[in-house]
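Asks: Dumping the structure here so I can ask a few things about it.
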Amino acid sequence: MLQQTQVDTVIPYFERFIRAFPDVPALAAADQQAVLKLWEGLGYYSRARNLHKTAQLLVAQHDGELPGDIEALRRLPGFGPYTTAAVGSIAFGYPVPVVDGNVLRVFCRFWGIATDIRQPRLRTELQTRLTPFIAAAPPSAFNQAMMEVGALVCRPQAPRCNACPLQADCVAFQTGRTAELPVKSARKPVPHHQIVAGIVWKDEKFLLARRRQDQMLGGLWVFPGGKSKPGEAPATTLRREVHAKTGLRIRVGFPYCRVEHGYTHFKITLTAYRCEWRSGEAKALTSDEVRWVSLQEIGTYPLPKANHKVLEAVRDYERMQGNAG
DNA sequence: AAGACGGGGTG
DNA sequence: CACCCAGTCTT
């Protein structure tokens, strides 16, 4: 959960998650839907899919326990360089330094390194350079101390150098370059897409599609729809996309709402239309599964944030009309 | 070595 | 708005 997500954001998710799945066998036995539901809103859903996969793998191959050597840890789904080092050092005491976003910043400043921190090789270089030092302390304490210094003292903006235990030997501090280091190249501008989604009603239920595992938002349920072509009328897009993805013919009604949402590498304006089924049997043509769901049943389905915003508008309207909810 | 991959918190 | 976050996986 802590991969690319701040501790304060994670805490409530962690509490709920660990209450539902107190140990590895409990997680392994759960349905992916239930796991994703507890991850809903946290983002980077591959973390949840990998954690679940790893739990099942541990039960099947390692008696439900984590393997105790670094190479075996590294092979587990979701265990990259950081998590392998964190678990290896904190759980098993191996002297392997962790390099997270905090450590990267601390030592770019400390050693005056001006390499773009987007460069992947910088992480391995720092891990190598830190290895001689970790032997001087309990690895668990060393790693957590370095991350903590980054989070609380050597902050991105306005670092608290006067409270820093590394100040005396810090190149950035000595040379007055704490504001210039670390160096980070500008991110490319993100495209903005117009998306239309259909809430397709049939007999008090609407259609949801479960996105394929290897897609963005894989395993989550979404309203069918897709990207508008330039200048294309929304109803045209929607009829085309819904037919291509589910095989249904629909009647497009009015928009329930418009939602702005930002992802890591693009932005969307999502317009959600009330639609009615006309003909055809729903098929999972581009998804793993399609299902007719009522407003009463939807609570157990994990949805991405943008679809949740849509759902609220749907609820409000249908409640007002005294329909199906 | 690049991109893809979510969402929230902060100034 | 922009930047950041206890990164990982696929090309």
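Please note that chains go A, B, ... in the order of the structure tokens, that every chain numbers its residues from 1, and that ligands are numbered from 1 in the order shown.
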For chain B, which residues have at least one atom within 9 Å of chain A, if we go by only C-alpha atoms (C1' of nucleotides)? Write them as an NGL selection string, please.

Replies: :B and (1 or 4-9)

Asks: I need the contact residues of chain C against chain A, so if you could list those with any atom within 6 Å, counting only C-alpha atoms (C1' of nucleotides), and return them as a compact mmCIF listing (two decimals) with N, CA, C and O atoms (P, O5', C5', C4', C3', O3' and C1' of nucleotides), in the first residue's frame, that would help.

Replies:
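iface24.txt, written as the output of this step:
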# COMPACT_ATOMS: atom_id res chain seq x y z
P DC C 5 8.78 12.37 -3.00
O5' DC C 5 7.60 11.55 -2.32
C5' DC C 5 6.99 12.03 -1.13
C4' DC C 5 5.79 11.18 -0.82
C3' DC C 5 6.08 9.68 -0.80
O3' DC C 5 5.46 9.11 0.34
C1' DC C 5 4.32 10.14 -2.32
P DA C 6 6.36 9.23 1.81
O5' DA C 6 6.81 7.75 2.16
C5' DA C 6 6.35 6.70 1.44
C4' DA C 6 7.48 5.87 0.91
C3' DA C 6 6.94 4.74 0.05
O3' DA C 6 7.96 4.37 -0.86
C1' DA C 6 7.82 3.87 2.06
P DG C 7 8.08 5.10 -2.27
O5' DG C 7 7.74 3.83 -3.18
C5' DG C 7 8.81 3.00 -3.67
C4' DG C 7 8.15 1.82 -4.32
C3' DG C 7 9.11 0.85 -5.00
O3' DG C 7 8.62 -0.45 -4.79
C1' DG C 7 7.65 1.82 -6.60
P DT C 8 9.33 -1.72 -5.48
O5' DT C 8 8.37 -1.97 -6.72
C5' DT C 8 7.01 -2.28 -6.48
C4' DT C 8 6.36 -2.83 -7.74
C3' DT C 8 7.22 -3.87 -8.48
O3' DT C 8 6.37 -4.94 -8.83
C1' DT C 8 6.66 -2.08 -9.93

Asks: Taking the DSSP secondary structure from the backbone, can you list the residues of region 66-307 of chain A that are helix (DSSP H, G or I), as a PyMOL selection string?

Replies: chain A and resi 70-74+81-90+101-110+120-134+139-153+161-163+167-169+171-174+234-246+298-300+305-307

Asks: Could you tell me, as a ChimeraX atom specification, which residues of region 119-209 of chain A DSSP assigns to strand (DSSP E or B) when given the backbone?

Replies: /A:183,192-202,205-209
